[in-house]
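structure-v8.tsv (TSV, C-alpha atoms and all ligand atoms) appears below.
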```
chain	number	residue	atom	x	y	z
A	1	MET	CA	-152.99	-15.74	-54.58
A	2	GLY	CA	-150.56	-13.04	-53.61
A	3	CYS	CA	-148.12	-11.71	-56.12
A	4	GLY	CA	-144.78	-12.80	-54.74
A	5	ILE	CA	-142.77	-13.42	-51.63
A	6	PRO	CA	-142.94	-10.11	-49.75
A	7	GLY	CA	-139.54	-8.53	-49.86
A	8	VAL	CA	-138.21	-10.80	-52.57
A	9	SER	CA	-137.40	-8.87	-55.67
A	10	LEU	CA	-138.70	-10.92	-58.52
A	11	LEU	CA	-137.07	-11.87	-61.75
A	12	PRO	CA	-137.85	-9.51	-64.56
A	13	PRO	CA	-141.11	-10.47	-66.23
A	14	MET	CA	-141.59	-14.18	-66.14
A	15	GLN	CA	-143.87	-15.47	-68.80
A	16	ASP	CA	-147.42	-14.70	-67.72
A	17	ALA	CA	-148.87	-18.18	-67.81
A	18	THR	CA	-152.41	-16.81	-67.96
A	19	ALA	CA	-151.48	-15.33	-71.32
A	20	VAL	CA	-150.07	-18.57	-72.68
A	21	LYS	CA	-151.81	-19.58	-75.87
A	22	PRO	CA	-153.42	-23.01	-76.00
A	23	TRP	CA	-150.50	-25.35	-76.22
A	24	ASP	CA	-150.87	-27.27	-79.39
A	25	SER	CA	-148.95	-27.71	-82.58
A	26	ARG	CA	-150.71	-24.79	-84.23
A	27	SER	CA	-149.45	-22.29	-81.68
A	28	PRO	CA	-147.20	-19.77	-83.42
A	29	ASN	CA	-144.96	-19.88	-80.37
A	30	ALA	CA	-144.43	-23.58	-80.53
A	31	PRO	CA	-141.57	-23.99	-83.04
A	32	VAL	CA	-139.39	-21.45	-81.24
A	33	THR	CA	-140.07	-23.06	-77.92
A	34	VAL	CA	-139.33	-26.52	-79.19
A	35	ARG	CA	-136.06	-25.45	-80.78
A	36	GLY	CA	-135.13	-23.84	-77.48
A	37	ILE	CA	-135.93	-27.00	-75.60
A	38	ILE	CA	-134.00	-29.24	-77.92
A	39	ARG	CA	-130.95	-27.00	-77.73
A	40	GLY	CA	-131.38	-26.75	-73.97
A	41	ARG	CA	-131.63	-30.49	-73.68
A	42	ALA	CA	-128.50	-31.08	-75.71
A	43	LEU	CA	-126.62	-28.65	-73.49
A	44	GLU	CA	-128.14	-30.16	-70.39
A	45	GLU	CA	-127.02	-33.63	-71.37
A	46	GLN	CA	-123.59	-32.33	-72.05
A	47	ALA	CA	-123.48	-30.51	-68.68
A	48	GLY	CA	-125.28	-33.19	-66.71
A	49	LEU	CA	-122.45	-35.68	-66.91
A	50	ASP	CA	-121.18	-37.05	-63.71
A	51	MET	CA	-118.00	-35.33	-62.62
A	52	ASN	CA	-116.15	-38.62	-62.35
A	53	MET	CA	-116.65	-39.59	-65.96
A	54	THR	CA	-113.82	-39.29	-68.39
A	55	MET	CA	-114.56	-38.91	-72.07
A	56	ILE	CA	-113.85	-37.09	-75.30
A	57	GLU	CA	-110.31	-36.93	-76.46
A	58	GLN	CA	-108.66	-33.76	-75.22
A	59	GLU	CA	-107.54	-31.30	-77.82
A	60	LEU	CA	-106.18	-28.19	-76.17
A	61	PRO	CA	-103.92	-28.98	-73.20
A	62	LEU	CA	-104.77	-27.70	-69.75
A	63	ASN	CA	-101.53	-27.28	-67.82
A	64	ASP	CA	-101.14	-27.38	-64.05
A	65	ASP	CA	-100.79	-23.63	-63.51
A	66	VAL	CA	-103.80	-22.71	-65.56
A	67	PHE	CA	-105.95	-25.44	-64.00
A	68	GLU	CA	-104.94	-24.14	-60.57
A	69	ARG	CA	-106.09	-20.65	-61.59
A	70	PHE	CA	-109.46	-22.01	-62.74
A	71	ARG	CA	-109.71	-24.10	-59.58
A	72	VAL	CA	-109.30	-21.04	-57.35
A	73	LEU	CA	-111.72	-19.02	-59.48
A	74	VAL	CA	-114.45	-21.69	-59.55
A	75	TYR	CA	-114.12	-22.29	-55.83
A	76	ARG	CA	-114.36	-18.59	-55.07
A	77	GLU	CA	-117.26	-17.93	-57.43
A	78	CYS	CA	-119.55	-20.92	-56.91
A	79	GLY	CA	-118.05	-23.02	-54.15
A	80	ILE	CA	-117.50	-26.03	-56.43
A	81	ASN	CA	-114.40	-27.88	-55.40
A	82	LEU	CA	-112.56	-28.91	-58.59
A	83	THR	CA	-110.36	-31.71	-57.33
A	84	ASP	CA	-107.62	-33.23	-59.51
A	85	GLN	CA	-109.98	-36.09	-60.34
A	86	LYS	CA	-112.32	-33.60	-61.99
A	87	ARG	CA	-109.63	-32.03	-64.11
A	88	THR	CA	-110.15	-34.18	-67.19
A	89	LEU	CA	-113.86	-33.58	-67.22
A	90	PHE	CA	-113.41	-29.86	-66.65
A	91	SER	CA	-111.09	-29.72	-69.62
A	92	CYS	CA	-113.39	-31.83	-71.81
A	93	ARG	CA	-116.43	-29.72	-71.08
A	94	LEU	CA	-114.70	-26.48	-71.89
A	95	GLN	CA	-113.00	-27.65	-75.13
A	96	GLN	CA	-116.22	-26.98	-76.98
A	97	ARG	CA	-116.55	-23.48	-75.55
A	98	LEU	CA	-112.96	-22.63	-76.44
A	99	LYS	CA	-113.60	-23.80	-79.99
A	100	GLN	CA	-116.78	-21.74	-80.25
A	101	LEU	CA	-114.84	-18.67	-79.19
A	102	GLY	CA	-111.92	-19.46	-81.50
A	103	LEU	CA	-109.45	-19.43	-78.60
A	104	LYS	CA	-106.06	-21.12	-78.79
A	105	SER	CA	-105.44	-21.94	-75.14
A	106	PHE	CA	-107.01	-22.30	-71.72
A	107	GLN	CA	-104.93	-19.34	-70.56
A	108	ASP	CA	-106.67	-17.19	-73.22
A	109	TYR	CA	-110.00	-18.45	-71.94
A	110	TYR	CA	-109.05	-17.69	-68.33
A	111	ASP	CA	-108.10	-14.14	-69.35
A	112	LEU	CA	-111.44	-13.74	-71.08
A	113	VAL	CA	-113.38	-15.04	-68.08
A	114	VAL	CA	-111.68	-12.80	-65.52
A	115	GLY	CA	-111.08	-9.83	-67.81
A	116	GLY	CA	-114.59	-9.30	-69.14
A	117	SER	CA	-116.40	-6.08	-68.35
A	118	ASP	CA	-119.32	-8.11	-67.02
A	119	ASP	CA	-119.74	-11.62	-65.62
A	120	ALA	CA	-121.17	-13.03	-68.85
A	121	GLU	CA	-118.39	-15.48	-69.66
A	122	LEU	CA	-117.94	-16.43	-66.04
A	123	THR	CA	-121.65	-17.33	-65.97
A	124	ASN	CA	-121.22	-19.30	-69.20
A	125	MET	CA	-118.28	-21.18	-67.77
A	126	LEU	CA	-120.18	-22.08	-64.60
A	127	ASP	CA	-123.00	-23.34	-66.81
A	128	TYR	CA	-120.57	-25.65	-68.59
A	129	ILE	CA	-119.10	-27.14	-65.46
A	130	SER	CA	-122.08	-27.48	-63.15
A	131	THR	CA	-124.03	-30.71	-62.91
A	132	ASN	CA	-127.75	-30.25	-63.34
A	133	GLN	CA	-129.21	-33.69	-62.90
A	134	THR	CA	-132.67	-33.64	-61.35
A	135	GLU	CA	-136.14	-35.15	-61.69
A	136	PHE	CA	-139.75	-34.60	-60.66
A	137	PHE	CA	-140.44	-35.74	-57.08
A	138	ARG	CA	-136.84	-36.78	-56.58
A	139	GLU	CA	-136.54	-38.21	-53.08
A	140	PRO	CA	-140.32	-38.59	-52.75
A	141	HIS	CA	-140.40	-38.80	-48.94
A	142	HIS	CA	-139.61	-35.06	-48.84
A	143	PHE	CA	-142.88	-34.28	-50.59
A	144	THR	CA	-144.85	-36.62	-48.36
A	145	PHE	CA	-143.29	-34.89	-45.34
A	146	LEU	CA	-144.13	-31.49	-46.79
A	147	ARG	CA	-147.78	-32.48	-47.24
A	148	GLU	CA	-148.23	-34.37	-43.98
A	149	ARG	CA	-146.04	-32.48	-41.54
A	150	VAL	CA	-145.17	-29.01	-42.80
A	151	LEU	CA	-148.44	-27.77	-44.29
A	152	PRO	CA	-150.67	-28.72	-41.34
A	153	GLU	CA	-148.49	-26.42	-39.20
A	154	LEU	CA	-149.30	-23.49	-41.45
A	155	THR	CA	-153.09	-23.64	-41.36
A	156	ILE	CA	-153.48	-20.53	-39.21
A	157	ASP	CA	-151.65	-18.10	-41.46
A	158	LYS	CA	-152.52	-20.00	-44.65
A	159	THR	CA	-149.31	-18.62	-46.10
A	160	VAL	CA	-146.54	-20.85	-47.42
A	161	ARG	CA	-143.09	-19.66	-48.47
A	162	ILE	CA	-140.63	-22.26	-49.71
A	163	TRP	CA	-137.25	-21.80	-51.38
A	164	SER	CA	-135.72	-24.29	-53.79
A	165	THR	CA	-132.11	-23.08	-53.66
A	166	ALA	CA	-130.51	-25.03	-56.52
A	167	CYS	CA	-133.50	-25.70	-58.71
A	168	SER	CA	-131.67	-26.73	-61.89
A	169	SER	CA	-134.22	-27.17	-64.71
A	170	GLY	CA	-137.21	-26.66	-62.39
A	171	GLU	CA	-138.47	-30.14	-61.57
A	172	GLU	CA	-137.89	-29.59	-57.84
A	173	PRO	CA	-139.83	-26.31	-57.40
A	174	TYR	CA	-142.63	-27.56	-59.64
A	175	SER	CA	-142.85	-30.74	-57.54
A	176	ILE	CA	-143.13	-28.54	-54.44
A	177	ALA	CA	-145.85	-26.44	-56.08
A	178	MET	CA	-147.74	-29.58	-57.19
A	179	THR	CA	-147.57	-30.90	-53.63
A	180	LEU	CA	-148.99	-27.64	-52.31
A	181	SER	CA	-151.69	-27.63	-54.94
A	182	ASP	CA	-152.69	-31.22	-54.21
A	183	SER	CA	-152.54	-30.95	-50.47
A	184	ILE	CA	-155.76	-31.46	-48.58
A	185	ALA	CA	-154.91	-28.34	-46.61
A	186	PHE	CA	-154.45	-26.32	-49.75
A	187	SER	CA	-157.24	-24.24	-51.21
A	188	SER	CA	-157.51	-21.02	-53.15
A	189	THR	CA	-157.62	-19.10	-49.86
A	190	TRP	CA	-154.00	-20.04	-49.20
A	191	ASN	CA	-151.18	-17.82	-50.34
A	192	CYS	CA	-148.42	-20.07	-51.61
A	193	ARG	CA	-145.16	-19.05	-53.23
A	194	VAL	CA	-142.11	-21.06	-54.20
A	195	LEU	CA	-138.92	-19.16	-54.84
A	196	ALA	CA	-136.70	-21.16	-57.19
A	197	SER	CA	-133.10	-20.17	-57.77
A	198	ASP	CA	-129.93	-21.47	-59.29
A	199	ILE	CA	-126.56	-20.10	-60.29
A	200	SER	CA	-127.12	-21.19	-63.90
A	201	THR	CA	-129.04	-18.77	-66.08
A	202	ARG	CA	-129.34	-21.45	-68.73
A	203	MET	CA	-131.05	-23.81	-66.28
A	204	LEU	CA	-133.28	-21.01	-65.00
A	205	ALA	CA	-134.46	-20.24	-68.53
A	206	LYS	CA	-135.30	-23.89	-69.05
A	207	ALA	CA	-137.04	-24.05	-65.68
A	208	ALA	CA	-139.14	-20.95	-66.32
A	209	ALA	CA	-140.26	-22.39	-69.68
A	210	GLY	CA	-141.69	-25.37	-67.78
A	211	GLN	CA	-141.47	-27.69	-70.79
A	212	TYR	CA	-140.01	-31.16	-70.58
A	213	SER	CA	-139.74	-34.36	-72.50
A	214	HIS	CA	-142.75	-36.56	-71.89
A	215	ALA	CA	-140.41	-39.30	-70.66
A	216	ARG	CA	-139.60	-37.22	-67.58
A	217	THR	CA	-143.14	-37.76	-66.33
A	218	ASN	CA	-143.21	-41.51	-66.98
A	219	SER	CA	-142.68	-42.45	-63.35
A	220	LEU	CA	-145.38	-40.08	-62.08
A	221	PRO	CA	-148.95	-41.18	-61.29
A	222	PRO	CA	-151.10	-40.63	-64.42
A	223	ASP	CA	-153.70	-38.60	-62.50
A	224	LEU	CA	-150.99	-36.22	-61.25
A	225	VAL	CA	-149.77	-35.79	-64.83
A	226	ARG	CA	-153.33	-35.06	-65.95
A	227	ARG	CA	-153.83	-32.47	-63.21
A	228	HIS	CA	-150.58	-30.58	-63.65
A	229	PHE	CA	-149.27	-31.03	-67.20
A	230	LEU	CA	-150.43	-30.13	-70.66
A	231	LEU	CA	-149.59	-32.80	-73.18
A	232	GLY	CA	-148.01	-31.84	-76.48
A	233	ARG	CA	-150.03	-32.48	-79.60
A	234	GLY	CA	-149.22	-33.22	-83.21
A	235	ASN	CA	-145.46	-33.34	-83.65
A	236	GLN	CA	-144.95	-32.39	-79.99
A	237	THR	CA	-146.34	-35.52	-78.37
A	238	ASP	CA	-142.93	-36.17	-76.85
A	239	LEU	CA	-143.26	-32.98	-74.80
A	240	VAL	CA	-145.22	-31.87	-71.75
A	241	LYS	CA	-145.69	-28.43	-70.25
A	242	VAL	CA	-146.40	-27.61	-66.62
A	243	LYS	CA	-149.88	-26.06	-66.30
A	244	PRO	CA	-150.23	-22.36	-65.49
A	245	HIS	CA	-151.74	-22.88	-62.01
A	246	ILE	CA	-148.42	-24.50	-61.00
A	247	VAL	CA	-146.09	-22.23	-62.99
A	248	ASN	CA	-147.77	-19.18	-61.45
A	249	MET	CA	-146.85	-20.33	-57.96
A	250	VAL	CA	-143.12	-20.32	-58.73
A	251	VAL	CA	-140.81	-17.33	-59.03
A	252	PHE	CA	-137.38	-17.87	-60.61
A	253	ARG	CA	-134.30	-15.88	-59.79
A	254	ARG	CA	-130.55	-16.26	-60.17
A	255	ILE	CA	-128.99	-16.61	-56.73
A	256	ASN	CA	-125.46	-17.80	-56.06
A	257	LEU	CA	-125.34	-19.67	-52.77
A	258	MET	CA	-121.82	-18.30	-52.32
A	259	ASP	CA	-123.12	-14.73	-52.02
A	260	ASP	CA	-122.79	-13.12	-48.60
A	261	ARG	CA	-126.49	-12.44	-48.43
A	262	TYR	CA	-129.53	-13.47	-50.40
A	263	PRO	CA	-132.23	-11.11	-51.74
A	264	ILE	CA	-134.91	-12.43	-49.40
A	265	LYS	CA	-136.45	-10.21	-46.74
A	266	SER	CA	-139.20	-12.28	-45.19
A	267	LEU	CA	-138.54	-15.56	-43.46
A	268	LEU	CA	-139.30	-18.87	-45.12
A	269	ASP	CA	-141.20	-21.92	-43.90
A	270	ALA	CA	-138.94	-24.40	-45.64
A	271	ILE	CA	-135.78	-24.50	-47.71
A	272	PHE	CA	-134.83	-27.23	-50.17
A	273	CYS	CA	-131.05	-27.31	-50.56
A	274	ARG	CA	-130.64	-30.66	-52.22
A	275	ASN	CA	-127.81	-32.20	-54.18
A	276	VAL	CA	-125.74	-29.06	-54.43
A	277	MET	CA	-123.80	-29.04	-51.15
A	278	ILE	CA	-122.24	-32.28	-52.26
A	279	TYR	CA	-120.07	-30.24	-54.65
A	280	PHE	CA	-118.84	-27.97	-51.85
A	281	ASP	CA	-116.12	-28.69	-49.31
A	282	ARG	CA	-117.04	-28.76	-45.61
A	283	GLU	CA	-116.01	-25.18	-44.99
A	284	THR	CA	-118.26	-23.92	-47.78
A	285	GLN	CA	-121.10	-26.19	-46.68
A	286	ALA	CA	-120.90	-24.75	-43.17
A	287	ALA	CA	-120.91	-21.18	-44.48
A	288	VAL	CA	-123.87	-21.83	-46.80
A	289	LEU	CA	-125.88	-23.54	-44.06
A	290	ALA	CA	-125.19	-20.69	-41.64
A	291	ARG	CA	-126.50	-18.24	-44.23
A	292	LEU	CA	-129.54	-20.35	-45.12
A	293	SER	CA	-130.55	-20.63	-41.48
A	294	ARG	CA	-130.84	-16.83	-41.32
A	295	TYR	CA	-133.65	-16.97	-43.91
A	296	LEU	CA	-135.67	-19.70	-42.22
A	297	LYS	CA	-138.33	-19.10	-39.58
A	298	PRO	CA	-137.52	-20.58	-36.19
A	299	GLY	CA	-138.84	-24.12	-36.49
A	300	GLY	CA	-138.61	-23.92	-40.29
A	301	TYR	CA	-137.58	-27.00	-42.22
A	302	LEU	CA	-134.45	-27.73	-44.24
A	303	PHE	CA	-134.41	-30.54	-46.81
A	304	ILE	CA	-131.04	-31.81	-48.02
A	305	GLY	CA	-130.00	-34.41	-50.59
A	306	HIS	CA	-129.74	-38.13	-49.87
A	307	ALA	CA	-125.93	-38.10	-50.14
A	308	GLU	CA	-125.49	-35.00	-48.01
A	309	THR	CA	-125.04	-34.69	-44.28
A	310	MET	CA	-125.32	-32.05	-41.60
A	311	LEU	CA	-123.18	-34.00	-39.17
A	312	GLY	CA	-120.59	-31.73	-37.63
A	313	ILE	CA	-121.32	-29.00	-40.15
A	314	SER	CA	-124.09	-26.93	-38.58
A	315	ASP	CA	-125.53	-26.64	-35.09
A	316	SER	CA	-128.42	-24.37	-36.11
A	317	PHE	CA	-130.63	-27.33	-36.95
A	318	HIS	CA	-131.81	-30.51	-35.35
A	319	TYR	CA	-132.62	-33.80	-37.01
A	320	VAL	CA	-136.28	-34.61	-37.71
A	321	ALA	CA	-136.20	-37.42	-40.28
A	322	PRO	CA	-133.63	-38.72	-42.76
A	323	THR	CA	-132.29	-35.69	-44.70
A	324	ILE	CA	-134.87	-33.40	-43.04
A	325	TYR	CA	-133.86	-30.90	-40.36
A	326	ARG	CA	-135.52	-28.16	-38.38
A	327	LYS	CA	-134.09	-24.84	-37.36
A	328	HIS	CA	-134.00	-24.47	-33.57
A	329	ASP	CA	-136.84	-22.35	-32.13
B	401	LIG	C1	-127.57	-31.66	-59.22
B	401	LIG	S1	-128.46	-30.15	-59.38
B	401	LIG	C2	-129.64	-30.30	-58.06
B	401	LIG	C3	-131.05	-30.05	-58.53
B	401	LIG	C4	-132.14	-30.27	-57.48
B	401	LIG	N1	-131.90	-29.50	-56.29
B	401	LIG	C5	-132.28	-31.73	-57.14
B	401	LIG	O1	-131.91	-32.15	-56.03
B	401	LIG	O2	-132.75	-32.51	-57.98
B	401	LIG	C6	-127.27	-28.98	-58.72
B	401	LIG	C7	-127.59	-27.56	-59.10
B	401	LIG	O3	-126.82	-26.71	-58.26
B	401	LIG	C8	-126.52	-25.54	-59.01
B	401	LIG	N2	-125.42	-24.84	-58.34
B	401	LIG	C9	-124.11	-25.18	-58.31
B	401	LIG	N3	-123.41	-24.29	-57.60
B	401	LIG	C10	-124.31	-23.36	-57.17
B	401	LIG	C11	-124.21	-22.19	-56.39
B	401	LIG	N4	-123.03	-21.78	-55.91
B	401	LIG	N5	-125.32	-21.47	-56.14
B	401	LIG	C12	-126.52	-21.87	-56.63
B	401	LIG	N6	-126.68	-22.98	-57.38
B	401	LIG	C13	-125.59	-23.72	-57.64
B	401	LIG	C14	-126.20	-26.07	-60.38
B	401	LIG	O4	-126.30	-25.09	-61.37
B	401	LIG	C15	-127.22	-27.19	-60.52
B	401	LIG	O5	-128.36	-26.77	-61.23
```
Since I need it in another form, could you write the structure as structure tokens?
Ligand SMILES: C[S@@+](CC[C@H](N)C(=O)[O-])C[C@H]1O[C@@H](n2cnc3c(N)ncnc32)[C@H](O)[C@@H]1O
Amino acid sequence: MGCGIPGVSLLPPMQDATAVKPWDSRSPNAPVTVRGIIRGRALEEQAGLDMNMTMIEQELPLNDDVFERFRVLVYRECGINLTDQKRTLFSCRLQQRLKQLGLKSFQDYYDLVVGGSDDAELTNMLDYISTNQTEFFREPHHFTFLRERVLPELTIDKTVRIWSTACSSGEEPYSIAMTLSDSIAFSSTWNCRVLASDISTRMLAKAAAGQYSHARTNSLPPDLVRRHFLLGRGNQTDLVKVKPHIVNMVVFRRINLMDDRYPIKSLLDAIFCRNVMIYFDRETQAAVLARLSRYLKPGGYLFIGHAETMLGISDSFHYVAPTIYRKHD
């Protein structure tokens, strides 16, 4: 295995999976990890709510002017289009953050977000409002296509570079890595790397930990679970952990799709940009797709989400199969 996508600057030290202690209840690392997961899961559930849901009684009012300021800020920073229908949910999600910070109004929070010396609170806010729903092998035909159509085209170079652009808690890049690992074409002589990125540092931390509730693997074939997951023991039987041979294939990094350029120097064989463009308006979708196409090899593949479309948005790609496109040669 190589040690990274050439030209891609890697995240500062990811956990070296080869150094991971046997994962059982006696591991001294375990309690910390489990606490982290539980906290992460609670936050994930809170952030994973569908944007159309309305809940929790509002406490601090969010007036029109201030909402408009947030709307402009969120659109500029992460491309998410906060329509009026999403206003209640936006307000509900941030009530808790305002309370934590002891703030008295949304205007105070806005001032904090834009006035900070770094982007820390802006990043926190984006974490609160983004939707992180995902699952292992979501939209399974993409992984079949990857195995049957994409990999056989790469047998000469035996090098695979794939980018999961909005990886959320990591199920998508790990599913890609498992597909590579299980592919008939794959062997230890291949050099495979999956770059996994997201705007949310909280999601990236969860993804890099590679630990999930056991229930998240329930729909997977048992032999796949055996090959690629460690099962928790003792009081951790409700948890699984992705095995090191898969974790080691994936590099995590924070990348905002709204950035003018991405920190990737060598061209990719495939890009997964799934279930994120749906939050962008058409103008932003077009700009993101134009940028993504610059990082794909000619003939490289783009996978999008089931509710997303390329129709009238980009002419850099042609249709290959439902939600799968190819960059023109
Ligand atoms: C619904 S999840 C999609 C996860 C995965 N791709 C899938 O299809 O299952 C959307 C993800 O997009 C991320 N996201 C939102 N805006 C983003 C941006 N501007 N740049 C990068 N990631 C973004 C969110 O943090 C969230 O984790």
Write as a ChimeraX atom specification the residues around ligand LIG 401 (chain B), taking 7 Å as the cut-off and counting only C-alpha atoms and all ligand atoms.
/A:78-80,127,130-135,138,164-169,172,197-200,203,255-258,273-276,305
Go through A:Ile162, A:Leu268, A:Ile313, A:Leu112 one by one, measure the shortest atom-to-atom distance of each to Tyr174 in chain A using all atoms listed in the file, and give the residue with the smallest value.
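Result for the nearest residue to Tyr174 in chain A: A:Ile162.
One finds CA of Ser293 in chain A at 19.4 Å from CA of Thr159 in chain A.
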Quick one: residues within 8 Å of range 225-236 of chain A, only C-alpha atoms counted, chain neighbours fewer than 3 positions away excluded, as number ranges by chain?
A: 23-25, 178, 214, 217, 220-222, 239-243, 245-246
Got a sec: who's within 12 Å of Phe137 in chain A, counting all atoms listed in the file, leaving out chain neighbours fewer than 5 positions off, as a VMD selection string?
chain A and resid 142 to 144 146 170 to 179 216 to 221 224
Let me see the file: selected residues, C-alpha atoms, as a short mmCIF file (atom, residue, chain, number, x, y, z; two decimals), in the coordinates of the input.
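Output file part.cif follows:
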```cif
data_model
loop_
_atom_site.label_atom_id
_atom_site.label_comp_id
_atom_site.auth_asym_id
_atom_site.auth_seq_id
_atom_site.Cartn_x
_atom_site.Cartn_y
_atom_site.Cartn_z
CA HIS A 142 -139.61 -35.06 -48.84
CA PHE A 143 -142.88 -34.28 -50.59
CA THR A 144 -144.85 -36.62 -48.36
CA LEU A 146 -144.13 -31.49 -46.79
CA GLY A 170 -137.21 -26.66 -62.39
CA GLU A 171 -138.47 -30.14 -61.57
CA GLU A 172 -137.89 -29.59 -57.84
CA PRO A 173 -139.83 -26.31 -57.40
CA TYR A 174 -142.63 -27.56 -59.64
CA SER A 175 -142.85 -30.74 -57.54
CA ILE A 176 -143.13 -28.54 -54.44
CA ALA A 177 -145.85 -26.44 -56.08
CA MET A 178 -147.74 -29.58 -57.19
CA THR A 179 -147.57 -30.90 -53.63
CA ARG A 216 -139.60 -37.22 -67.58
CA THR A 217 -143.14 -37.76 -66.33
CA ASN A 218 -143.21 -41.51 -66.98
CA SER A 219 -142.68 -42.45 -63.35
CA LEU A 220 -145.38 -40.08 -62.08
CA PRO A 221 -148.95 -41.18 -61.29
CA LEU A 224 -150.99 -36.22 -61.25
#
```
Protein, DNA and RNA residues within 9 Å of (-140.6, -27.1, -41.4), only C-alpha atoms, as a list of chain:residue names:
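Those within range, by chain then number, are A:Leu146, A:Arg149, A:Val150, A:Leu151, A:Glu153, A:Asp269, A:Ala270, A:Ile271, A:Leu296, A:Lys297, A:Pro298, A:Gly299, A:Gly300, A:Tyr301, A:Leu302, A:Phe303, A:Ile324, A:Tyr325, A:Arg326, A:Lys327.
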Using only C-alpha atoms, pick whichever of A:Val288, A:Cys192, A:Leu154, A:Val74 has the shortest atom-to-atom distance to Thr123 in chain A.
A:Val74
Measure the distance from CA of Asp238 in chain A to CA of Gln211 in chain A in Å and round it to one decimal.
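For CA of Asp238 in chain A relative to CA of Gln211 in chain A, the distance reads 10.5 Å.
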Distance of CA of Leu204 in chain A from CA of Asp182 in chain A, expressed in Å to one decimal place:
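Going from CA of Asp182 in chain A over to CA of Leu204 in chain A, I get 24.4 Å.
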When distances are computed from all atoms listed in the file, which of A:Ala286, A:Leu62, A:Leu180, A:Val194 shows the smallest separation from Arg161 in chain A?
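The answer is A:Val194, which sits nearest to Arg161 in chain A.
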Considering only C-alpha atoms, can you say which of A:Val247, A:Tyr212, A:Tyr109, A:Asp260 comes closest to Arg76 in chain A?
A:Asp260
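Of the listed residues A:Pro140, A:Pro61, A:Arg294, A:Arg87, the one whose atoms come nearest to Tyr262 in chain A is A:Arg294, with distances taken using all atoms listed in the file.
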Can you pull out every residue within 7 Å of Val251 in chain A, counting all atoms listed in the file, but drop anything in the same chain fewer than 2 positions away, and send it as a ChimeraX atom specification?
/A:10,194-196,249,253
